[in-house]
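**Q** Sharing a structure here in structure tokens format.
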Amino acid sequence: MLYLFLGNAVVGLFILLSIPMQDKLSNGQYIFLIAFSLLLDFLPTLGYFLGRRLSNNAKIHWETLLFLGAVVGLISQVILPELGFGISEESSLWYVSAILFFAVAFVSPNFEKWRVKSA
């Protein structure tokens, strides 16, 4: 669960750090913004936690979870907003991440054939 969160959070932090620093926000406000973003990135991982409780599959390797977390982050934080989903101020795409993390819990370890196993 931690690695999915880290993969998702890295995408969110890159987005936040790409915002140019202006005199409108103080350093404390930027720190609060980053901390709040990390909290919001953690909430969708509860979907993975629920899926792991319901799934009978073996756990997949942490590298795969980190990769899938970054992929879910790219889909929910970059691709879907670019396509126009979640444009209104009231909408949030956290549920998309939660659904995708729930689906990741059911991924079979056979998915890891792409990963190079160290000797």
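By order of appearance in the structure tokens: chains A, B, ..., then residues from 1 within every chain, and ligands from 1 in the order shown.
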For A:Leu4, work out the shell of residues within 6 Å, counting only C-alpha atoms and skipping chain neighbours fewer than 6 positions away, then give it as a PyMOL selection string.
**A** chain A and resi 65-66+69
**Q** Using N, CA and C atoms, can you write the selected residues to a file as a PDB file, in the first residue's frame?
**A**
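Everything below was put into part01.pdb:
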```pdb
ATOM      1  N   LEU A  65       4.291  -2.309  -7.607  1.00  0.00           N
ATOM      2  CA  LEU A  65       3.326  -1.419  -6.955  1.00  0.00           C
ATOM      3  C   LEU A  65       3.710   0.045  -7.141  1.00  0.00           C
ATOM      4  N   LEU A  66       4.986   0.345  -7.048  1.00  0.00           N
ATOM      5  CA  LEU A  66       5.456   1.720  -7.251  1.00  0.00           C
ATOM      6  C   LEU A  66       5.167   2.172  -8.683  1.00  0.00           C
ATOM      7  N   GLY A  69       1.430   2.640  -9.102  1.00  0.00           N
ATOM      8  CA  GLY A  69       1.014   3.867  -8.423  1.00  0.00           C
ATOM      9  C   GLY A  69       1.307   5.092  -9.265  1.00  0.00           C
TER      10      GLY A  69
END
```
**Q** DSSP on the backbone, then: every residue of stretch 18-110 of chain A marked alpha helix (DSSP H), written as a ChimeraX atom specification.
**A** /A:27-42,45-54,62-74,80-82,94-104
**Q** Suppose we keep N, CA and C atoms; can you now write the selection as a compact mmCIF listing (two decimals), in the first residue's frame?
**A**
```
# COMPACT_ATOMS: atom_id res chain seq x y z
N ASN A 27 6.08 30.78 2.29
CA ASN A 27 6.68 29.45 2.37
C ASN A 27 5.82 28.51 3.19
N GLY A 28 5.25 29.00 4.26
CA GLY A 28 4.37 28.18 5.09
C GLY A 28 3.15 27.71 4.35
N GLN A 29 2.62 28.55 3.49
CA GLN A 29 1.46 28.16 2.70
C GLN A 29 1.83 27.09 1.67
N TYR A 30 3.02 27.19 1.09
CA TYR A 30 3.48 26.13 0.17
C TYR A 30 3.68 24.82 0.90
N ILE A 31 4.24 24.87 2.10
CA ILE A 31 4.43 23.64 2.88
C ILE A 31 3.09 23.02 3.23
N PHE A 32 2.13 23.86 3.63
CA PHE A 32 0.79 23.35 3.93
C PHE A 32 0.15 22.74 2.68
N LEU A 33 0.34 23.38 1.52
CA LEU A 33 -0.21 22.87 0.27
C LEU A 33 0.36 21.50 -0.07
N ILE A 34 1.65 21.32 0.13
CA ILE A 34 2.29 20.03 -0.14
C ILE A 34 1.81 18.98 0.85
N ALA A 35 1.72 19.33 2.14
CA ALA A 35 1.25 18.37 3.15
C ALA A 35 -0.20 17.97 2.89
N PHE A 36 -1.03 18.92 2.52
CA PHE A 36 -2.43 18.62 2.23
C PHE A 36 -2.54 17.75 0.98
N SER A 37 -1.69 18.00 -0.01
CA SER A 37 -1.67 17.19 -1.22
C SER A 37 -1.29 15.75 -0.90
N LEU A 38 -0.31 15.56 -0.02
CA LEU A 38 0.09 14.20 0.37
C LEU A 38 -1.06 13.48 1.07
N LEU A 39 -1.81 14.20 1.91
CA LEU A 39 -2.97 13.60 2.57
C LEU A 39 -4.01 13.18 1.54
N LEU A 40 -4.28 14.04 0.57
CA LEU A 40 -5.26 13.71 -0.45
C LEU A 40 -4.78 12.57 -1.36
N ASP A 41 -3.46 12.46 -1.55
CA ASP A 41 -2.93 11.34 -2.33
C ASP A 41 -3.00 10.03 -1.56
N PHE A 42 -3.05 10.10 -0.23
CA PHE A 42 -3.11 8.88 0.58
C PHE A 42 -4.52 8.29 0.59
N THR A 45 -5.56 5.27 -1.63
CA THR A 45 -4.93 3.98 -1.35
C THR A 45 -5.79 3.12 -0.44
N LEU A 46 -6.80 3.71 0.17
CA LEU A 46 -7.73 2.92 0.97
C LEU A 46 -8.52 1.96 0.07
N GLY A 47 -8.69 2.32 -1.21
CA GLY A 47 -9.30 1.40 -2.17
C GLY A 47 -8.46 0.15 -2.35
N TYR A 48 -7.13 0.31 -2.38
CA TYR A 48 -6.24 -0.85 -2.47
C TYR A 48 -6.33 -1.69 -1.20
N PHE A 49 -6.39 -1.03 -0.05
CA PHE A 49 -6.50 -1.75 1.22
C PHE A 49 -7.77 -2.60 1.24
N LEU A 50 -8.88 -2.04 0.80
CA LEU A 50 -10.13 -2.80 0.74
C LEU A 50 -10.02 -3.94 -0.27
N GLY A 51 -9.42 -3.68 -1.41
CA GLY A 51 -9.26 -4.72 -2.42
C GLY A 51 -8.38 -5.85 -1.95
N ARG A 52 -7.32 -5.55 -1.20
CA ARG A 52 -6.44 -6.60 -0.66
C ARG A 52 -7.20 -7.48 0.32
N ARG A 53 -8.12 -6.91 1.05
CA ARG A 53 -8.92 -7.71 2.00
C ARG A 53 -9.86 -8.66 1.26
N LEU A 54 -10.34 -8.25 0.09
CA LEU A 54 -11.28 -9.06 -0.67
C LEU A 54 -10.59 -10.00 -1.66
N TRP A 62 7.11 -4.87 -4.67
CA TRP A 62 7.02 -3.45 -4.37
C TRP A 62 7.37 -2.58 -5.57
N GLU A 63 8.29 -3.03 -6.43
CA GLU A 63 8.64 -2.24 -7.62
C GLU A 63 7.44 -2.13 -8.55
N THR A 64 6.70 -3.21 -8.68
CA THR A 64 5.51 -3.20 -9.52
C THR A 64 4.46 -2.28 -8.93
N LEU A 65 4.29 -2.31 -7.61
CA LEU A 65 3.33 -1.42 -6.95
C LEU A 65 3.71 0.05 -7.14
N LEU A 66 4.99 0.34 -7.05
CA LEU A 66 5.46 1.72 -7.25
C LEU A 66 5.17 2.17 -8.68
N PHE A 67 5.45 1.30 -9.65
CA PHE A 67 5.18 1.60 -11.05
C PHE A 67 3.69 1.81 -11.28
N LEU A 68 2.84 0.91 -10.76
CA LEU A 68 1.41 1.03 -10.96
C LEU A 68 0.85 2.27 -10.25
N GLY A 69 1.43 2.64 -9.10
CA GLY A 69 1.01 3.87 -8.42
C GLY A 69 1.31 5.09 -9.26
N ALA A 70 2.46 5.11 -9.91
CA ALA A 70 2.81 6.24 -10.79
C ALA A 70 1.89 6.26 -12.02
N VAL A 71 1.56 5.10 -12.56
CA VAL A 71 0.66 5.04 -13.71
C VAL A 71 -0.72 5.55 -13.33
N VAL A 72 -1.24 5.12 -12.19
CA VAL A 72 -2.54 5.60 -11.72
C VAL A 72 -2.50 7.10 -11.47
N GLY A 73 -1.40 7.59 -10.90
CA GLY A 73 -1.25 9.03 -10.69
C GLY A 73 -1.26 9.80 -11.99
N LEU A 74 -0.56 9.29 -13.00
CA LEU A 74 -0.56 9.95 -14.30
C LEU A 74 -1.94 9.96 -14.94
N LEU A 80 -6.62 12.46 -17.39
CA LEU A 80 -8.05 12.76 -17.31
C LEU A 80 -8.34 14.25 -17.23
N PRO A 81 -7.59 15.04 -16.43
CA PRO A 81 -7.84 16.50 -16.48
C PRO A 81 -7.54 17.11 -17.85
N GLU A 82 -6.55 16.60 -18.56
CA GLU A 82 -6.25 17.11 -19.90
C GLU A 82 -7.37 16.79 -20.88
N TRP A 94 -10.58 11.92 -7.09
CA TRP A 94 -10.01 10.99 -6.12
C TRP A 94 -10.65 9.61 -6.25
N TYR A 95 -11.92 9.57 -6.60
CA TYR A 95 -12.61 8.28 -6.70
C TYR A 95 -12.07 7.46 -7.87
N VAL A 96 -11.58 8.10 -8.92
CA VAL A 96 -10.99 7.36 -10.04
C VAL A 96 -9.73 6.64 -9.56
N SER A 97 -8.89 7.34 -8.79
CA SER A 97 -7.69 6.71 -8.23
C SER A 97 -8.07 5.56 -7.30
N ALA A 98 -9.09 5.76 -6.48
CA ALA A 98 -9.51 4.71 -5.54
C ALA A 98 -9.99 3.47 -6.29
N ILE A 99 -10.74 3.67 -7.36
CA ILE A 99 -11.23 2.53 -8.16
C ILE A 99 -10.06 1.82 -8.84
N LEU A 100 -9.11 2.59 -9.37
CA LEU A 100 -7.96 1.96 -10.02
C LEU A 100 -7.07 1.23 -9.01
N PHE A 101 -6.89 1.81 -7.83
CA PHE A 101 -6.12 1.12 -6.78
C PHE A 101 -6.84 -0.15 -6.33
N PHE A 102 -8.18 -0.11 -6.28
CA PHE A 102 -8.96 -1.30 -5.95
C PHE A 102 -8.70 -2.39 -6.99
N ALA A 103 -8.66 -2.00 -8.26
CA ALA A 103 -8.40 -2.97 -9.34
C ALA A 103 -6.98 -3.52 -9.26
N VAL A 104 -6.02 -2.70 -8.82
CA VAL A 104 -4.62 -3.15 -8.69
C VAL A 104 -4.51 -4.27 -7.67
```
**Q** Which residues are close to A:Ile15, i.e. within 9 Å by only C-alpha atoms, leaving aside same-chain residues fewer than 5 positions away? Reply as a PyMOL selection string.
**A** chain A and resi 10+77-78
**Q** Please provide the set of residues having any atom within 10 Å of A:Lys59, restricted to only C-alpha atoms, with same-chain residues fewer than 6 positions apart removed, written as a ChimeraX atom specification.
**A** /A:52,65,105-109
**Q** Limited to C-alpha atoms, could you put the picked residues into a file as a PDB file, in the first residue's frame?
**A**
```pdb
ATOM      1  CA  ARG A  52      -6.441  -6.603  -0.664  1.00  0.00           C
ATOM      2  CA  LEU A  65       3.326  -1.419  -6.955  1.00  0.00           C
ATOM      3  CA  ALA A 105      -5.328  -5.297  -5.627  1.00  0.00           C
ATOM      4  CA  PHE A 106      -6.661  -8.004  -7.934  1.00  0.00           C
ATOM      5  CA  VAL A 107      -3.653  -8.007 -10.285  1.00  0.00           C
ATOM      6  CA  SER A 108      -2.031 -11.416 -10.488  1.00  0.00           C
ATOM      7  CA  PRO A 109       1.690 -11.800  -9.709  1.00  0.00           C
TER       8      PRO A 109
END
```
**Q** Between atom CA of A:Ile75 and atom CA of A:Ala9, measure the distance and give it in Å to one decimal.
**A**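 According to the coordinates, atom CA of A:Ile75 and atom CA of A:Ala9 are separated by 12.8 Å.
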**Q** How many Å separate atom CA of A:Ile60 from atom CA of A:Leu43?
**A** 20.7 Å
**Q** In Å, with one decimal, what is the gap from atom CA of A:Ser55 to atom CA of A:Asn110?
**A**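 Computed distance, atom CA of A:Ser55 to atom CA of A:Asn110, equals 15.0 Å.
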